[in-house]
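Undergrad: Structure provided below as C-alpha cells; questions to follow.
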Amino acid sequence: MNLQVQKNTLYVGGLAEEVNEVILHAAFIPFGDIKDVKTPLDQATQKHRSFGFVTFLEREDAVAAMDNMDGAELYGRVLTVNYALPERIKGGEQGWAAQPIWADADTWFERQQQEQEMQRLQAEQRAAMQAAEDLHRKKLAEERQGEKEDDAELKSDPMAVAEAEALKQTT
C-alpha cells in the first residue's frame, strides 16, 4: 500500500488527558503559523484518544516542529511526532478521504461473487469426495461380505474344509 504523507500535517501521539486543542496549539505555535489543530474524540467517552493533528501553513515549520517536539515532554508524557498519513474512510477499500465511499463498490461486488463461486466449488469438491469415500466404503463392505460368505460355504461343506486343511499342511 503506497501511503502518501501530508508534509504540512503532523501526527502528535502520547497526549496526556489534560491536553486539549488550545494547549496543543500553544505547544506548537513557536515553530510557525498553524492552520489547524484537531484532537479526534472517542465517541464513547467524548475525550480525545491520546493523539492529535497539527497542520502548519509552511512545510518548513512542520519539519522544525517535528524535529524539536518528537520525544519532548508535555504534561508529563513523552510525545511522538511524525508526518500524518491521509485520513481514511471507514470500510473503504482504498479509503482515502478524497474518494467517495462508493468508489470501491465494483471491486467489493466482484470479491463477493468470487467468494461465492469459491464456496460453491468447495462444496462441490466436498460432495464429490464424500461420494467417492462412500463408494469405497461400499466396495469394502461388499468384499468383506463376500469373504464371510466364502467362509460360511467352507464351513458348511465338509469336503471344502478337508481340502483347505490339506492345502495348509502342504504349504
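Ligands are numbered from 1 in the order shown, residues from 1 within each chain, and chains are lettered A, B, ... in the order they appear in the C-alpha cells.
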Mind the document's chain letters and residue numbers, and return as a PyMOL selection string the residues of region 29-125 of chain A that DSSP labels helix (DSSP H, G or I).
TA: chain A and resi 29-31+59-69+101-125
Undergrad: Pull N, CA, C and O atoms from the residues just selected and write them as a short mmCIF file (atom, residue, chain, number, x, y, z; two decimals), in the first residue's frame.
TA:
```cif
data_model
loop_
_atom_site.label_atom_id
_atom_site.label_comp_id
_atom_site.auth_asym_id
_atom_site.auth_seq_id
_atom_site.Cartn_x
_atom_site.Cartn_y
_atom_site.Cartn_z
N ILE A 29 2.92 26.45 18.36
CA ILE A 29 2.94 27.77 17.70
C ILE A 29 4.34 28.38 17.61
O ILE A 29 4.63 29.12 16.67
N PRO A 30 5.28 28.06 18.53
CA PRO A 30 6.62 28.64 18.39
C PRO A 30 7.34 28.26 17.08
O PRO A 30 8.29 28.93 16.69
N PHE A 31 6.88 27.23 16.41
CA PHE A 31 7.57 26.76 15.22
C PHE A 31 7.02 27.36 13.93
O PHE A 31 7.60 27.16 12.86
N ARG A 59 5.66 23.97 5.09
CA ARG A 59 6.31 22.67 5.32
C ARG A 59 7.52 22.80 6.24
O ARG A 59 7.75 21.94 7.10
N GLU A 60 8.29 23.85 6.04
CA GLU A 60 9.50 24.05 6.84
C GLU A 60 9.15 24.16 8.33
O GLU A 60 9.90 23.67 9.18
N ASP A 61 8.03 24.80 8.63
CA ASP A 61 7.60 24.94 10.03
C ASP A 61 7.23 23.57 10.60
O ASP A 61 7.55 23.26 11.75
N ALA A 62 6.56 22.74 9.79
CA ALA A 62 6.20 21.39 10.23
C ALA A 62 7.45 20.57 10.50
O ALA A 62 7.53 19.83 11.49
N VAL A 63 8.47 20.69 9.63
CA VAL A 63 9.73 19.96 9.81
C VAL A 63 10.40 20.39 11.11
O VAL A 63 10.86 19.56 11.90
N ALA A 64 10.44 21.70 11.35
CA ALA A 64 11.07 22.23 12.57
C ALA A 64 10.32 21.73 13.81
O ALA A 64 10.94 21.32 14.80
N ALA A 65 9.00 21.73 13.76
CA ALA A 65 8.20 21.27 14.90
C ALA A 65 8.43 19.78 15.14
O ALA A 65 8.59 19.35 16.29
N MET A 66 8.48 19.01 14.09
CA MET A 66 8.70 17.57 14.25
C MET A 66 10.08 17.30 14.83
O MET A 66 10.24 16.50 15.76
N ASP A 67 11.10 17.99 14.32
CA ASP A 67 12.47 17.79 14.82
C ASP A 67 12.59 18.15 16.30
O ASP A 67 13.30 17.48 17.04
N ASN A 68 11.90 19.19 16.72
CA ASN A 68 12.02 19.66 18.09
C ASN A 68 11.06 19.00 19.07
O ASN A 68 11.38 18.88 20.26
N MET A 69 9.89 18.57 18.60
CA MET A 69 8.86 18.08 19.53
C MET A 69 8.80 16.55 19.64
O MET A 69 8.24 16.03 20.60
N ILE A 101 -17.21 7.25 -0.88
CA ILE A 101 -17.29 5.97 -0.17
C ILE A 101 -17.67 4.82 -1.10
O ILE A 101 -17.30 3.68 -0.89
N TRP A 102 -18.38 5.11 -2.19
CA TRP A 102 -18.80 4.06 -3.11
C TRP A 102 -17.75 3.77 -4.19
O TRP A 102 -17.97 2.95 -5.06
N ALA A 103 -16.58 4.40 -4.12
CA ALA A 103 -15.56 4.26 -5.16
C ALA A 103 -15.11 2.81 -5.35
O ALA A 103 -14.77 2.42 -6.45
N ASP A 104 -15.13 2.01 -4.29
CA ASP A 104 -14.67 0.63 -4.42
C ASP A 104 -15.83 -0.37 -4.47
O ASP A 104 -15.63 -1.56 -4.29
N ALA A 105 -17.05 0.10 -4.76
CA ALA A 105 -18.22 -0.78 -4.76
C ALA A 105 -18.09 -1.90 -5.79
O ALA A 105 -18.42 -3.05 -5.51
N ASP A 106 -17.58 -1.58 -6.99
CA ASP A 106 -17.44 -2.61 -8.03
C ASP A 106 -16.48 -3.71 -7.59
O ASP A 106 -16.77 -4.89 -7.76
N THR A 107 -15.35 -3.33 -7.03
CA THR A 107 -14.39 -4.36 -6.58
C THR A 107 -14.98 -5.15 -5.43
O THR A 107 -14.73 -6.35 -5.33
N TRP A 108 -15.79 -4.53 -4.59
CA TRP A 108 -16.42 -5.25 -3.48
C TRP A 108 -17.37 -6.31 -4.02
O TRP A 108 -17.36 -7.46 -3.58
N PHE A 109 -18.20 -5.92 -5.00
CA PHE A 109 -19.14 -6.88 -5.60
C PHE A 109 -18.39 -8.01 -6.29
O PHE A 109 -18.78 -9.17 -6.20
N GLU A 110 -17.31 -7.67 -7.00
CA GLU A 110 -16.52 -8.72 -7.65
C GLU A 110 -15.96 -9.70 -6.62
O GLU A 110 -15.97 -10.91 -6.83
N ARG A 111 -15.44 -9.16 -5.52
CA ARG A 111 -14.90 -10.03 -4.46
C ARG A 111 -15.99 -10.91 -3.88
O ARG A 111 -15.75 -12.09 -3.61
N GLN A 112 -17.19 -10.36 -3.70
CA GLN A 112 -18.29 -11.15 -3.17
C GLN A 112 -18.65 -12.29 -4.12
O GLN A 112 -18.87 -13.42 -3.69
N GLN A 113 -18.70 -11.99 -5.41
CA GLN A 113 -19.00 -13.02 -6.40
C GLN A 113 -17.92 -14.09 -6.43
O GLN A 113 -18.22 -15.28 -6.50
N GLN A 114 -16.67 -13.68 -6.39
CA GLN A 114 -15.57 -14.64 -6.37
C GLN A 114 -15.64 -15.53 -5.13
O GLN A 114 -15.42 -16.74 -5.21
N GLU A 115 -15.95 -14.91 -4.01
CA GLU A 115 -16.06 -15.67 -2.75
C GLU A 115 -17.20 -16.69 -2.83
O GLU A 115 -17.04 -17.84 -2.43
N GLN A 116 -18.35 -16.30 -3.39
CA GLN A 116 -19.48 -17.21 -3.53
C GLN A 116 -19.14 -18.36 -4.48
O GLN A 116 -19.47 -19.51 -4.21
N GLU A 117 -18.45 -18.03 -5.59
CA GLU A 117 -18.05 -19.07 -6.54
C GLU A 117 -17.07 -20.05 -5.88
O GLU A 117 -17.19 -21.26 -6.06
N MET A 118 -16.14 -19.52 -5.10
CA MET A 118 -15.18 -20.37 -4.40
C MET A 118 -15.89 -21.28 -3.40
O MET A 118 -15.59 -22.48 -3.32
N GLN A 119 -16.85 -20.75 -2.69
CA GLN A 119 -17.61 -21.57 -1.73
C GLN A 119 -18.40 -22.65 -2.46
O GLN A 119 -18.47 -23.78 -1.99
N ARG A 120 -18.98 -22.31 -3.63
CA ARG A 120 -19.74 -23.29 -4.41
C ARG A 120 -18.81 -24.41 -4.87
O ARG A 120 -19.14 -25.60 -4.75
N LEU A 121 -17.63 -24.04 -5.40
CA LEU A 121 -16.68 -25.05 -5.87
C LEU A 121 -16.19 -25.94 -4.72
O LEU A 121 -16.05 -27.15 -4.88
N GLN A 122 -15.95 -25.33 -3.57
CA GLN A 122 -15.51 -26.12 -2.42
C GLN A 122 -16.61 -27.08 -1.98
O GLN A 122 -16.32 -28.22 -1.63
N ALA A 123 -17.87 -26.64 -2.03
CA ALA A 123 -18.98 -27.52 -1.65
C ALA A 123 -19.09 -28.67 -2.64
O ALA A 123 -19.29 -29.83 -2.23
N GLU A 124 -18.93 -28.38 -3.95
CA GLU A 124 -18.96 -29.45 -4.95
C GLU A 124 -17.83 -30.45 -4.72
O GLU A 124 -18.02 -31.65 -4.81
N GLN A 125 -16.65 -29.93 -4.42
CA GLN A 125 -15.50 -30.79 -4.18
C GLN A 125 -15.72 -31.67 -2.95
O GLN A 125 -15.42 -32.86 -2.97
#
```
Undergrad: Between CA of Val19 (chain A) and CA of Val78 (chain A), what is the spacing in Å?
TA: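 So the answer is 12.6 Å.
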Undergrad: Any idea what's packed within 9 Å of Leu24 (chain A), counting only C-alpha atoms, ignoring anything in its chain fewer than 6 positions away? Could you give it as a list in words?
TA: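 Within the cut-off, the hits are Leu15, Val37, Lys38, Thr39, Gly52, Phe53 and Val54 of chain A.
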Undergrad: Taking 3 positions as the minimum chain separation for residues in the same chain, which residues sit within 12 Å of Leu41 (chain A) when counting only C-alpha atoms? Answer as an MDAnalysis selection string.
TA: chainID A and resid 17 20:21 38 44:52
Undergrad: Just to confirm, what's the straight-line distance from CA of Leu57 (chain A) to CA of Asp42 (chain A) in Å (one decimal)?
TA: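 Spanning CA of Leu57 (chain A) to CA of Asp42 (chain A) is a straight-line distance of 27.2 Å.
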Undergrad: Compare A:Leu167, A:Ala141, A:Ala16, A:Met129 by their minimum atom-to-atom distance to Glu73 (chain A), counting only C-alpha atoms, and give me the closest one.
TA: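 Closest to Glu73 (chain A) of all the choices is A:Ala16.
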